[in-house]
>>> print(open('start-v8.cif').read())   # mmCIF, C-alpha atoms and all ligand atoms
data_upload
loop_
_atom_site.label_atom_id
_atom_site.label_comp_id
_atom_site.auth_asym_id
_atom_site.auth_seq_id
_atom_site.Cartn_x
_atom_site.Cartn_y
_atom_site.Cartn_z
CA MET A 1 0.00 0.00 0.00
CA ALA A 2 1.28 3.49 -0.80
CA GLU A 3 1.55 5.26 2.56
CA ARG A 4 1.38 8.94 1.81
CA SER A 5 3.58 11.13 3.92
CA PRO A 6 1.74 13.33 6.43
CA THR A 7 4.40 15.96 5.88
CA ALA A 8 3.69 16.29 2.16
CA ALA A 9 4.34 19.77 0.86
CA PRO A 10 1.49 22.23 0.25
CA GLY A 11 0.03 21.73 -3.20
CA GLY A 12 -1.65 18.45 -2.18
CA PRO A 13 -5.16 17.49 -3.19
CA PHE A 14 -6.80 20.24 -1.14
CA SER A 15 -4.72 23.12 -2.45
CA SER A 16 -6.33 25.47 -4.95
CA VAL A 17 -4.19 23.91 -7.70
CA GLU A 18 -6.32 21.15 -9.28
CA SER A 19 -4.45 17.88 -9.67
CA THR A 20 -4.08 16.77 -13.27
CA PRO A 21 -4.25 13.22 -14.59
CA GLY A 22 -0.83 11.60 -14.32
CA SER A 23 0.16 13.80 -11.40
CA GLU A 24 1.51 12.29 -8.19
CA ALA A 25 -1.89 12.63 -6.52
CA SER A 26 -3.71 10.66 -9.22
CA ALA A 27 -0.97 8.01 -9.30
CA ALA A 28 -1.30 7.57 -5.54
CA ARG A 29 -5.05 7.15 -5.92
CA GLU A 30 -4.42 4.00 -7.98
CA ALA A 31 -3.49 2.44 -4.65
CA SER A 32 -7.11 2.64 -3.60
CA SER A 33 -8.75 -0.38 -5.23
CA ILE A 34 -10.28 -2.89 -2.82
CA SER A 35 -10.64 -6.62 -3.24
CA LEU A 36 -12.45 -9.03 -0.92
CA LYS A 37 -12.25 -12.76 -1.52
CA GLY A 38 -14.43 -15.18 0.41
CA VAL A 39 -14.72 -12.80 3.35
CA ARG A 40 -16.81 -14.24 6.14
CA LYS A 41 -17.68 -12.95 9.59
CA GLU A 42 -19.11 -15.00 12.37
CA TYR A 43 -19.46 -13.24 15.71
CA PRO A 44 -19.00 -15.11 18.98
CA GLY A 45 -22.33 -16.72 19.75
CA GLY A 46 -22.73 -17.93 16.17
CA VAL A 47 -24.25 -14.90 14.38
CA VAL A 48 -23.05 -15.05 10.77
CA ALA A 49 -22.95 -11.38 9.72
CA LEU A 50 -21.27 -12.04 6.34
CA GLU A 51 -21.19 -15.19 4.22
CA SER A 52 -18.29 -15.58 1.83
CA VAL A 53 -18.29 -12.10 0.24
CA ASP A 54 -16.42 -11.56 -3.05
CA LEU A 55 -16.19 -7.92 -4.01
CA ASP A 56 -13.96 -5.75 -6.20
CA ILE A 57 -14.16 -1.99 -5.74
CA ARG A 58 -12.31 0.08 -8.34
CA ALA A 59 -9.87 2.84 -7.50
CA GLY A 60 -11.69 6.19 -7.41
CA GLU A 61 -15.12 4.63 -7.27
CA PHE A 62 -18.04 5.88 -5.16
CA PHE A 63 -19.23 2.47 -4.03
CA THR A 64 -22.28 1.94 -1.82
CA LEU A 65 -23.25 -0.94 0.43
CA LEU A 66 -27.05 -0.91 0.54
CA GLY A 67 -29.35 -3.13 2.53
CA PRO A 68 -31.79 -3.40 5.43
CA SER A 69 -30.82 -3.16 9.08
CA GLY A 70 -28.69 -6.11 10.20
CA CYS A 71 -27.64 -7.22 6.68
CA GLY A 72 -23.93 -6.80 7.47
CA LYS A 73 -23.06 -3.37 6.02
CA THR A 74 -21.31 -2.03 9.10
CA THR A 75 -19.50 -5.32 9.66
CA LEU A 76 -18.08 -5.12 6.14
CA LEU A 77 -17.01 -1.51 6.64
CA ARG A 78 -15.39 -2.29 9.99
CA MET A 79 -13.37 -5.06 8.37
CA LEU A 80 -12.15 -2.67 5.67
CA ALA A 81 -11.12 -0.26 8.44
CA GLY A 82 -9.38 -3.09 10.32
CA LEU A 83 -11.64 -2.60 13.35
CA ASP A 84 -12.96 -6.14 13.04
CA GLU A 85 -11.19 -9.28 11.88
CA PRO A 86 -12.71 -11.55 9.24
CA SER A 87 -13.38 -15.14 10.33
CA GLY A 88 -12.24 -16.24 6.87
CA GLY A 89 -11.14 -14.93 3.48
CA THR A 90 -8.76 -12.18 2.42
CA LEU A 91 -8.91 -8.45 1.96
CA ALA A 92 -6.59 -6.37 -0.22
CA ILE A 93 -6.25 -2.62 -0.69
CA GLY A 94 -4.27 -1.38 -3.68
CA GLY A 95 -3.40 -4.98 -4.49
CA VAL A 96 -1.70 -5.52 -1.12
CA ASP A 97 -3.13 -8.06 1.32
CA VAL A 98 -4.17 -6.16 4.46
CA THR A 99 -6.16 -8.96 6.12
CA ASP A 100 -3.80 -8.90 9.12
CA THR A 101 -2.79 -5.22 8.94
CA PRO A 102 -3.84 -3.16 11.98
CA PRO A 103 -6.14 -0.15 11.43
CA HIS A 104 -3.50 2.57 11.89
CA LYS A 105 -1.31 0.99 9.20
CA ARG A 106 -4.09 1.04 6.59
CA SER A 107 -4.50 4.12 4.41
CA VAL A 108 -8.18 4.19 5.32
CA ASN A 109 -10.27 6.63 7.32
CA THR A 110 -13.86 6.43 8.54
CA VAL A 111 -16.68 8.95 8.94
CA PHE A 112 -19.38 7.75 11.32
CA GLN A 113 -23.03 8.75 11.62
CA SER A 114 -22.34 9.90 15.16
CA TYR A 115 -19.60 12.34 13.96
CA ALA A 116 -17.35 11.14 16.82
CA LEU A 117 -15.86 14.62 17.28
CA PHE A 118 -13.98 15.49 20.47
CA PRO A 119 -16.20 17.96 22.35
CA HIS A 120 -13.34 19.31 24.48
CA LEU A 121 -11.25 20.27 21.43
CA SER A 122 -11.75 23.25 19.13
CA VAL A 123 -12.91 22.66 15.56
CA ARG A 124 -9.38 23.37 14.32
CA ASP A 125 -7.88 20.81 16.70
CA ASN A 126 -10.59 18.29 15.81
CA ILE A 127 -9.74 18.61 12.13
CA ALA A 128 -5.98 18.47 12.71
CA PHE A 129 -6.18 15.60 15.20
CA GLY A 130 -5.02 12.84 12.83
CA LEU A 131 -2.08 14.93 11.61
CA LYS A 132 -0.99 15.59 15.19
CA MET A 133 -1.11 11.87 15.93
CA ARG A 134 1.20 11.35 12.96
CA GLY A 135 3.63 13.86 14.37
CA MET A 136 3.18 16.67 11.86
CA ALA A 137 4.54 20.02 13.03
CA ARG A 138 2.04 22.69 14.18
CA THR A 139 2.70 25.18 11.36
CA GLN A 140 2.18 22.49 8.72
CA ARG A 141 -0.98 21.27 10.47
CA GLU A 142 -2.36 24.77 10.44
CA GLN A 143 -1.59 25.15 6.75
CA LYS A 144 -3.43 21.89 6.04
CA VAL A 145 -6.44 23.01 8.08
CA VAL A 146 -6.59 26.24 6.04
CA GLU A 147 -6.46 24.21 2.81
CA ILE A 148 -9.17 21.77 3.80
CA ALA A 149 -11.36 24.54 5.26
CA GLU A 150 -11.23 26.22 1.87
CA PHE A 151 -11.76 22.95 0.00
CA ILE A 152 -14.89 21.98 1.95
CA LYS A 153 -15.93 25.64 2.31
CA LEU A 154 -16.02 25.57 6.09
CA GLY A 155 -15.58 29.36 6.29
CA SER A 156 -15.65 30.67 9.84
CA LEU A 157 -16.71 27.29 11.28
CA VAL A 158 -13.10 26.48 12.11
CA ASP A 159 -13.12 29.25 14.71
CA ARG A 160 -16.15 27.87 16.52
CA ARG A 161 -16.35 25.37 19.33
CA VAL A 162 -17.79 21.93 18.50
CA ASP A 163 -20.74 22.48 20.84
CA GLN A 164 -21.69 25.59 18.82
CA LEU A 165 -22.26 23.60 15.63
CA SER A 166 -25.43 22.19 14.05
CA GLY A 167 -25.67 18.53 13.00
CA GLY A 168 -24.85 19.32 9.36
CA GLN A 169 -21.87 21.46 10.38
CA ARG A 170 -20.56 18.72 12.66
CA GLN A 171 -20.82 16.23 9.83
CA ARG A 172 -18.77 18.50 7.55
CA ILE A 173 -16.14 18.86 10.26
CA ALA A 174 -16.07 15.06 10.64
CA LEU A 175 -15.55 14.80 6.87
CA ALA A 176 -12.76 17.39 6.95
CA ARG A 177 -11.09 15.50 9.80
CA ALA A 178 -11.23 12.23 7.85
CA LEU A 179 -10.03 13.75 4.57
CA ILE A 180 -7.14 15.78 5.94
CA CYS A 181 -4.95 12.70 6.36
CA GLU A 182 -5.45 12.01 2.65
CA PRO A 183 -6.37 8.33 3.00
CA ASP A 184 -6.55 6.20 -0.14
CA VAL A 185 -9.96 4.99 0.94
CA LEU A 186 -12.67 6.81 2.85
CA LEU A 187 -15.34 4.72 4.59
CA LEU A 188 -18.63 6.43 5.39
CA ASP A 189 -21.11 4.72 7.71
CA GLU A 190 -24.54 6.33 7.20
CA PRO A 191 -22.94 9.77 7.57
CA LEU A 192 -26.05 11.71 6.56
CA SER A 193 -28.83 9.74 8.22
CA ALA A 194 -29.15 12.04 11.25
CA LEU A 195 -29.76 15.11 9.08
CA ASP A 196 -33.06 16.56 7.89
CA ALA A 197 -34.07 16.07 4.25
CA GLY A 198 -32.95 19.47 2.89
CA LEU A 199 -29.54 19.43 4.55
CA ARG A 200 -29.12 15.82 3.63
CA SER A 201 -29.53 16.40 -0.10
CA GLN A 202 -27.23 19.45 0.08
CA LEU A 203 -24.52 17.37 1.79
CA GLN A 204 -25.05 14.53 -0.69
CA VAL A 205 -24.08 16.90 -3.49
CA GLU A 206 -21.10 18.27 -1.52
CA LEU A 207 -19.87 14.80 -0.67
CA LEU A 208 -20.12 13.64 -4.25
CA ARG A 209 -18.31 16.69 -5.60
CA THR A 210 -15.57 16.25 -3.00
CA GLN A 211 -15.10 12.61 -3.96
CA LYS A 212 -14.97 13.38 -7.68
CA ARG A 213 -12.44 16.20 -7.16
CA LEU A 214 -10.18 14.07 -4.99
CA GLY A 215 -10.53 10.86 -7.03
CA MET A 216 -10.46 8.96 -3.72
CA THR A 217 -12.29 5.65 -3.29
CA PHE A 218 -15.39 6.14 -1.13
CA VAL A 219 -17.21 3.17 0.40
CA PHE A 220 -20.54 4.46 1.61
CA VAL A 221 -23.09 2.63 3.76
CA THR A 222 -26.78 3.44 3.65
CA HIS A 223 -30.15 1.74 3.95
CA ASP A 224 -31.76 4.46 1.81
CA GLN A 225 -32.11 3.33 -1.82
CA GLU A 226 -32.66 6.82 -3.19
CA GLU A 227 -29.52 8.10 -1.52
CA ALA A 228 -27.61 5.11 -2.89
CA MET A 229 -28.84 5.81 -6.43
CA VAL A 230 -28.00 9.53 -6.33
CA MET A 231 -24.50 9.07 -4.96
CA SER A 232 -23.03 5.88 -6.32
CA ASP A 233 -21.00 4.75 -9.29
CA ARG A 234 -21.98 1.22 -8.26
CA ILE A 235 -24.09 -0.33 -5.54
CA ALA A 236 -23.89 -3.70 -3.77
CA VAL A 237 -27.27 -4.76 -2.38
CA LEU A 238 -26.92 -7.04 0.66
CA ASN A 239 -29.35 -9.21 2.53
CA ASP A 240 -28.51 -11.52 5.45
CA GLY A 241 -24.77 -11.15 4.87
CA ILE A 242 -25.00 -12.10 1.18
CA ILE A 243 -24.54 -9.82 -1.82
CA GLN A 244 -27.67 -10.02 -3.93
CA GLN A 245 -26.53 -7.79 -6.78
CA ILE A 246 -23.70 -5.46 -7.75
CA GLY A 247 -24.38 -2.89 -10.44
CA THR A 248 -24.77 0.73 -11.44
CA PRO A 249 -27.79 2.52 -9.96
CA GLN A 250 -29.55 2.13 -13.32
CA GLU A 251 -28.86 -1.60 -13.51
CA VAL A 252 -29.97 -2.26 -9.95
CA TYR A 253 -33.14 -0.17 -10.32
CA GLU A 254 -34.13 -1.16 -13.86
CA ARG A 255 -32.91 -4.77 -13.88
CA PRO A 256 -33.03 -5.97 -10.27
CA ALA A 257 -31.47 -9.42 -9.94
CA ASN A 258 -34.34 -10.83 -7.90
CA LEU A 259 -37.51 -10.05 -5.99
CA PHE A 260 -35.63 -8.98 -2.86
CA VAL A 261 -33.62 -6.35 -4.77
CA ALA A 262 -36.73 -5.16 -6.64
CA ARG A 263 -38.66 -4.66 -3.39
CA PHE A 264 -35.69 -3.02 -1.70
CA MET A 265 -35.32 -0.58 -4.60
CA GLY A 266 -38.93 0.45 -3.94
CA HIS A 267 -40.77 -1.44 -6.66
CA ASP A 268 -44.43 -2.33 -6.08
CA ASN A 269 -45.68 -3.38 -9.51
CA LEU A 270 -44.62 -7.01 -9.11
CA PHE A 271 -46.91 -9.71 -10.46
CA PRO A 272 -46.40 -13.49 -10.15
CA ILE A 273 -46.33 -15.35 -13.46
CA SER A 274 -48.54 -18.44 -13.56
CA ALA A 275 -47.81 -19.45 -17.17
CA ARG A 276 -45.71 -18.44 -20.15
CA GLU A 277 -46.24 -19.08 -23.85
CA GLY A 278 -43.68 -17.57 -26.17
CA MET A 279 -43.48 -13.88 -25.26
CA THR A 280 -46.81 -13.84 -23.41
CA VAL A 281 -46.92 -14.26 -19.65
CA THR A 282 -50.04 -14.82 -17.57
CA THR A 283 -50.29 -12.62 -14.46
CA PRO A 284 -53.07 -11.55 -12.08
CA ILE A 285 -53.55 -8.39 -14.20
CA GLY A 286 -54.02 -10.50 -17.33
CA ALA A 287 -51.84 -11.73 -20.18
CA LEU A 288 -48.89 -9.43 -20.83
CA GLU A 289 -46.61 -9.26 -23.83
CA THR A 290 -42.94 -8.96 -22.94
CA GLU A 291 -39.70 -8.57 -24.87
CA ASP A 292 -37.69 -10.11 -22.02
CA LYS A 293 -36.56 -13.60 -23.03
CA SER A 294 -35.03 -14.41 -19.62
CA GLU A 295 -36.56 -16.91 -17.24
CA GLY A 296 -38.56 -15.42 -14.42
CA SER A 297 -41.40 -16.11 -12.06
CA VAL A 298 -42.39 -12.49 -11.44
CA ALA A 299 -43.13 -9.62 -13.85
CA LEU A 300 -41.86 -6.16 -12.86
CA ILE A 301 -43.34 -3.03 -14.40
CA ARG A 302 -41.60 0.19 -13.32
CA PRO A 303 -44.14 2.86 -12.30
CA GLU A 304 -42.67 5.54 -14.58
CA THR A 305 -43.14 3.34 -17.67
CA LEU A 306 -46.95 3.24 -17.42
CA GLU A 307 -48.76 5.44 -19.96
CA LEU A 308 -52.08 6.84 -18.71
CA THR A 309 -54.80 8.25 -20.95
CA SER A 310 -58.58 8.63 -20.94
CA PRO A 311 -60.33 5.36 -21.82
CA ASN A 312 -61.36 6.52 -25.30
CA ALA A 313 -58.10 8.25 -26.25
CA PRO A 314 -56.09 6.78 -29.14
CA SER A 315 -53.09 4.63 -28.27
CA VAL A 316 -49.93 6.53 -27.29
CA GLU A 317 -48.23 4.68 -30.13
CA PRO A 318 -50.70 3.57 -32.78
CA GLY A 319 -49.32 0.73 -34.87
CA LYS A 320 -47.39 -0.84 -31.98
CA GLN A 321 -48.90 -3.62 -29.94
CA LEU A 322 -49.00 -2.36 -26.35
CA ASN A 323 -50.39 -4.07 -23.28
CA THR A 324 -53.64 -2.28 -22.40
CA LEU A 325 -55.56 -2.31 -19.13
CA VAL A 326 -58.50 -0.35 -17.82
CA CYS A 327 -58.10 0.82 -14.22
CA ARG A 328 -59.67 3.21 -11.75
CA VAL A 329 -57.77 5.91 -9.87
CA VAL A 330 -58.03 5.21 -6.13
CA GLU A 331 -55.43 7.67 -4.81
CA ARG A 332 -53.40 10.55 -6.20
CA PHE A 333 -50.22 12.00 -4.70
CA TYR A 334 -49.14 15.30 -6.19
CA ARG A 335 -45.36 15.78 -5.94
CA GLY A 336 -44.82 18.86 -8.08
CA SER A 337 -42.57 17.52 -10.82
CA ASN A 338 -44.48 14.24 -10.94
CA VAL A 339 -47.75 12.71 -9.84
CA GLU A 340 -48.22 9.26 -8.37
CA TYR A 341 -51.47 7.45 -9.07
CA ARG A 342 -52.60 4.33 -7.25
CA LEU A 343 -54.76 2.37 -9.66
CA ALA A 344 -57.20 -0.46 -9.05
CA HIS A 345 -57.48 -3.20 -11.66
CA GLN A 346 -60.27 -5.75 -11.64
CA SER A 347 -59.96 -8.99 -13.56
CA GLY A 348 -62.81 -11.42 -12.75
CA ASP A 349 -62.80 -11.64 -8.97
CA GLN A 350 -59.09 -10.67 -8.85
CA HIS A 351 -58.43 -7.20 -7.51
CA ASN A 352 -54.94 -5.75 -7.98
CA GLU A 353 -53.23 -2.45 -7.49
CA LEU A 354 -50.76 -0.72 -9.84
CA ILE A 355 -48.72 2.37 -9.22
CA ALA A 356 -48.08 4.90 -11.99
CA GLU A 357 -45.62 7.77 -11.73
CA ILE A 358 -46.37 10.35 -14.38
CA SER A 359 -44.18 13.38 -14.98
CA ASN A 360 -46.19 16.55 -14.52
CA THR A 361 -46.27 18.22 -17.91
CA GLY A 362 -49.01 20.64 -16.92
CA GLU A 363 -51.76 18.64 -18.64
CA ARG A 364 -55.02 17.90 -16.85
CA LEU A 365 -54.53 15.53 -13.92
CA PHE A 366 -56.77 12.53 -13.42
CA ARG A 367 -58.98 12.60 -10.34
CA VAL A 368 -59.72 9.92 -7.77
CA GLY A 369 -62.56 7.81 -9.18
CA ASP A 370 -61.64 8.42 -12.86
CA GLU A 371 -61.43 5.46 -15.18
CA VAL A 372 -58.12 5.45 -17.07
CA LYS A 373 -56.51 3.45 -19.85
CA VAL A 374 -53.08 2.11 -18.93
CA GLU A 375 -50.70 1.21 -21.73
CA ILE A 376 -47.48 -0.72 -21.10
CA TYR A 377 -44.75 -1.30 -23.69
CA PRO A 378 -43.72 -4.98 -23.96
CA GLU A 379 -40.07 -3.93 -23.38
CA ASP A 380 -41.11 -2.53 -19.99
CA VAL A 381 -42.38 -5.90 -18.72
CA VAL A 382 -39.25 -7.28 -17.03
CA MET A 383 -38.79 -10.86 -15.82
CA LEU A 384 -37.49 -11.46 -12.30
CA SER A 385 -36.54 -14.49 -10.30
CA ASP A 386 -38.04 -14.80 -6.84
CA ASP A 387 -34.98 -16.79 -5.69
CA GLU A 388 -32.69 -14.81 -3.45
CA GLU A 389 -28.91 -15.38 -3.53
CA GLY A 390 -28.04 -17.83 -0.79
CA ALA A 391 -31.68 -18.64 -0.01
N1 LIG B 1 -20.37 -7.44 18.07
C1 LIG B 1 -21.34 -8.24 17.62
N2 LIG B 1 -21.60 -9.42 18.22
C2 LIG B 1 -22.56 -10.25 17.77
N3 LIG B 1 -23.35 -9.99 16.71
C3 LIG B 1 -23.15 -8.83 16.07
C4 LIG B 1 -22.12 -7.88 16.48
N4 LIG B 1 -22.16 -6.81 15.65
C5 LIG B 1 -23.14 -7.07 14.75
N5 LIG B 1 -23.73 -8.26 14.99
C6 LIG B 1 -24.81 -8.89 14.21
O1 LIG B 1 -24.33 -9.07 12.88
C7 LIG B 1 -25.37 -8.78 11.93
C8 LIG B 1 -24.92 -7.68 11.01
O2 LIG B 1 -24.78 -6.47 11.75
P1 LIG B 1 -24.30 -5.10 11.09
O3 LIG B 1 -24.15 -4.09 12.18
O4 LIG B 1 -23.13 -5.34 10.23
O5 LIG B 1 -25.56 -4.76 10.17
P2 LIG B 1 -25.95 -3.41 9.41
O6 LIG B 1 -26.39 -3.83 8.06
O7 LIG B 1 -24.83 -2.43 9.48
O8 LIG B 1 -27.19 -2.91 10.26
P3 LIG B 1 -27.66 -1.40 10.61
O9 LIG B 1 -28.14 -0.81 9.31
O10 LIG B 1 -28.79 -1.65 11.58
O11 LIG B 1 -26.48 -0.71 11.20
C9 LIG B 1 -26.60 -8.44 12.77
O12 LIG B 1 -27.36 -9.61 12.89
C10 LIG B 1 -26.03 -8.02 14.09
O13 LIG B 1 -26.95 -8.26 15.14
#
>>> encode(input="start-v8.cif", output="structure tokens")
Amino acid sequence: MAERSPTAAPGGPFSSVESTPGSEASAAREASSISLKGVRKEYPGGVVALESVDLDIRAGEFFTLLGPSGCGKTTLLRMLAGLDEPSGGTLAIGGVDVTDTPPHKRSVNTVFQSYALFPHLSVRDNIAFGLKMRGMARTQREQKVVEIAEFIKLGSLVDRRVDQLSGGQRQRIALARALICEPDVLLLDEPLSALDAGLRSQLQVELLRTQKRLGMTFVFVTHDQEEAMVMSDRIAVLNDGIIQQIGTPQEVYERPANLFVARFMGHDNLFPISAREGMTVTTPIGALETEDKSEGSVALIRPETLELTSPNAPSVEPGKQLNTLVCRVVERFYRGSNVEYRLAHQSGDQHNELIAEISNTGERLFRVGDEVKVEIYPEDVVMLSDDEEGA
């Protein structure tokens, strides 16, 4: 692993001079790929938090571990930090095996949800803490604090006391403190989950911009699928200590690997398939044409792909064979840029619900009680397996 010197001259990644490809900073970042092979964690008492995890995270990637509470996200992060030992398997950073390397010898830093700032120290001293531990001289530490304060736009916050800061400000200080040591890898354990929605989305943007400017590898933990999609280059979805899918946000959302991933990504239009003949599948909302040749026991229809019109309106694409249903609007949720409709569909004595998300183009909205025609393109009927990895 490339240990970067804490006494590096000014002009590092936080100075106002942008690093250029091929520079020392970008070369050092190449040391930040992560590789896990067969990593397993069993806690005393027999709880298996991770089953044989294989994972390759690329240098400079914003990589997110996503999954419900207890799925093993924090355990995985703690093992990358060296705070927990794997019960089996190997872990490499920058191509170097660090399975047995203690935390302080790994070029890794962690930002926790709880900020973990020292209340008795000033903001400046909190930020410079890691540099002091490494023995950097005071004048150099102060120079670094000035650089990072400018980089993360902390302004006058550095002159405050920690107990005078809001939650969002504390989180930015915690980020500054983790970044100042210029680790190859930054681990972030639900760092934004204590913040209110507005501040959270503002810090999401800041965090992402910081990561892209530094080219550092970020491994981010969240249980919020929207946050994962906004932030990540790639996402690993975990359940019960097993990776269910690794992919870009678009892949994981549009082509979930199985029913668990689809539900976790927020999908509701999921219909069991009772029979298939050629490209026609039988579901509780009727026979649907699909263009998906893959095997599957469940049909997924993303809510934004539904086309809604009045029952007598012409097809949205005359000449193309679309799946057509007649439904009734049972609920409407106005969200400004889009509108969500909950639709009831009756087929014999089968009653089903569909959700449609329609972008708000300023046209007349349907009302609760209206009958609507729903058209679905065959390419938007996606086949899913209901088998979970490891189940
Ligand atoms: N020190 C420990 N001893 C025993 N079991 C543990 C320990 N730490 C975690 N576990 C168990 O391991 C599993 C994974 O926990 P982990 O904290 O990694 O999950 P998580 O996905 O980060 O959850 P959350 O989102 O709630 O933080 C859980 O079943 C948990 O109860």
>>> closest_atom_pairs(input="start-v8.cif", of="chain A", to="ligand LIG 1 (chain B)", cutoff="12 Å", atoms="all atoms listed in the file", output="CSV")
residue,atom,partner,partner_atom,distance
A:Arg40,CA,B:LIG1,O1,11.3
A:Lys41,CA,B:LIG1,O1,8.4
A:Glu42,CA,B:LIG1,N3,7.9
A:Tyr43,CA,B:LIG1,C2,4.8
A:Pro44,CA,B:LIG1,C2,6.1
A:Gly45,CA,B:LIG1,C2,6.8
A:Gly46,CA,B:LIG1,C2,7.8
A:Val47,CA,B:LIG1,N3,5.5
A:Val48,CA,B:LIG1,O1,6.5
A:Ala49,CA,B:LIG1,O1,4.2
A:Leu50,CA,B:LIG1,C8,7.4
A:Glu51,CA,B:LIG1,C8,10.8
A:Leu65,CA,B:LIG1,O6,8.7
A:Leu66,CA,B:LIG1,O6,8.1
A:Gly67,CA,B:LIG1,O6,6.3
A:Pro68,CA,B:LIG1,O9,5.9
A:Ser69,CA,B:LIG1,O10,3.6
A:Gly70,CA,B:LIG1,O5,3.4
A:Cys71,CA,B:LIG1,O6,3.9
A:Gly72,CA,B:LIG1,O4,3.2
A:Lys73,CA,B:LIG1,O6,3.9
A:Thr74,CA,B:LIG1,O7,3.6
A:Thr75,CA,B:LIG1,O4,3.7
A:Leu76,CA,B:LIG1,O4,6.5
A:Leu77,CA,B:LIG1,O4,8.1
A:Arg78,CA,B:LIG1,O4,8.3
A:Met79,CA,B:LIG1,O4,9.9
A:Leu83,CA,B:LIG1,N1,11.0
A:Asp84,CA,B:LIG1,N1,9.0
A:Glu85,CA,B:LIG1,N1,11.2
A:Phe112,CA,B:LIG1,O11,11.0
A:Gln113,CA,B:LIG1,O11,10.1
A:Leu188,CA,B:LIG1,O7,11.6
A:Asp189,CA,B:LIG1,O7,8.3
A:Glu190,CA,B:LIG1,O9,8.3
A:Pro191,CA,B:LIG1,O11,11.6
A:Ser193,CA,B:LIG1,O9,10.6
A:Phe220,CA,B:LIG1,O7,11.3
A:Val221,CA,B:LIG1,O7,7.8
A:Thr222,CA,B:LIG1,O9,7.2
A:His223,CA,B:LIG1,O9,6.3
A:Asp224,CA,B:LIG1,O9,9.9
A:Val237,CA,B:LIG1,O6,10.5
A:Leu238,CA,B:LIG1,O6,8.1
A:Asn239,CA,B:LIG1,O6,8.3
A:Asp240,CA,B:LIG1,C8,7.7
A:Gly241,CA,B:LIG1,C8,7.1
A:Ile242,CA,B:LIG1,C8,10.8
A:Ile243,CA,B:LIG1,O6,11.7
>>> closest_residue(input="start-v8.cif", among="A:Leu300, A:Ile127, A:Val382, A:Leu55", to="Gln245 (chain A)", atoms="all atoms listed in the file")
A:Leu55
>>> atom_distance(input="start-v8.cif", atom1="CA of Ile180 (chain A)", atom2="CA of Pro86 (chain A)")
28.1 Å
>>> atom_distance(input="start-v8.cif", atom1="CA of Lys293 (chain A)", atom2="CA of Lys373 (chain A)")
26.4 Å
>>> atom_distance(input="start-v8.cif", atom1="CA of Ile376 (chain A)", atom2="CA of Leu306 (chain A)")
5.4 Å
>>> residues_around(input="start-v8.cif", residues="region 344-357 of chain A", least_positions_apart="6", cutoff="7 Å", atoms="all atoms listed in the file", output="ChimeraX atom specification")
/A:269,284-285,303-304,306,326-330,338
>>> residues_near_point(input="start-v8.cif", point="(-22.5, 18.7, 20.3)", cutoff="10 Å", atoms="only C-alpha atoms", output="PyMOL selection string")
chain A and resi 115-119+161-167+170
>>> write_last_selection(input="start-v8.cif", atoms="C-alpha atoms", output="CSV table (one decimal), keeping the file's coordinate frame")
chain,number,residue,atom,x,y,z
A,115,TYR,CA,-19.6,12.3,14.0
A,116,ALA,CA,-17.4,11.1,16.8
A,117,LEU,CA,-15.9,14.6,17.3
A,118,PHE,CA,-14.0,15.5,20.5
A,119,PRO,CA,-16.2,18.0,22.4
A,161,ARG,CA,-16.4,25.4,19.3
A,162,VAL,CA,-17.8,21.9,18.5
A,163,ASP,CA,-20.7,22.5,20.8
A,164,GLN,CA,-21.7,25.6,18.8
A,165,LEU,CA,-22.3,23.6,15.6
A,166,SER,CA,-25.4,22.2,14.0
A,167,GLY,CA,-25.7,18.5,13.0
A,170,ARG,CA,-20.6,18.7,12.7
>>> closest_atom_pairs(input="start-v8.cif", of="region 227-269 of chain A", to="region 211-215 of chain A", cutoff="12 Å", atoms="all atoms listed in the file", output="JSON lines")
{"residue": "A:Met231", "atom": "CA", "partner": "A:Gln211", "partner_atom": "CA", "distance": 10.1}
{"residue": "A:Ser232", "atom": "CA", "partner": "A:Gln211", "partner_atom": "CA", "distance": 10.7}
{"residue": "A:Asp233", "atom": "CA", "partner": "A:Lys212", "partner_atom": "CA", "distance": 10.7}
>>> write_last_selection(input="start-v8.cif", atoms="C-alpha atoms", output="PDB file, in the coordinates of the input")
ATOM      1  CA  MET A 231     -24.500   9.070  -4.960  1.00  0.00           C
ATOM      2  CA  SER A 232     -23.030   5.880  -6.320  1.00  0.00           C
ATOM      3  CA  ASP A 233     -21.000   4.750  -9.290  1.00  0.00           C
TER       4      ASP A 233
END
>>> residues_near_point(input="start-v8.cif", point="(-5.6, -1.0, 12.6)", cutoff="8 Å", atoms="all atoms listed in the file", output="list in words")
Ala81, Gly82, Leu83, Thr101, Pro102, Pro103, His104, Lys105 and Arg106 of chain A
>>> closest_residue(input="start-v8.cif", among="A:Ser385, A:Gln169, A:Ser297, A:Ser114", to="Arg255 (chain A)", atoms="only C-alpha atoms")
A:Ser385
>>> residues_around(input="start-v8.cif", residues="Phe366 (chain A)", least_positions_apart="3", cutoff="10 Å", atoms="all atoms listed in the file", output="list in words")
Leu308, Thr309, Ser310, Arg328, Val329, Glu331, Arg332, Val339, Tyr341, Glu363, Gly369, Asp370, Glu371 and Val372 of chain A
>>> write_last_selection(input="start-v8.cif", atoms="C-alpha atoms", output="compact mmCIF listing (two decimals), in the frame of the given file")
# COMPACT_ATOMS: atom_id res chain seq x y z
CA LEU A 308 -52.08 6.84 -18.71
CA THR A 309 -54.80 8.25 -20.95
CA SER A 310 -58.58 8.63 -20.94
CA ARG A 328 -59.67 3.21 -11.75
CA VAL A 329 -57.77 5.91 -9.87
CA GLU A 331 -55.43 7.67 -4.81
CA ARG A 332 -53.40 10.55 -6.20
CA VAL A 339 -47.75 12.71 -9.84
CA TYR A 341 -51.47 7.45 -9.07
CA GLU A 363 -51.76 18.64 -18.64
CA GLY A 369 -62.56 7.81 -9.18
CA ASP A 370 -61.64 8.42 -12.86
CA GLU A 371 -61.43 5.46 -15.18
CA VAL A 372 -58.12 5.45 -17.07
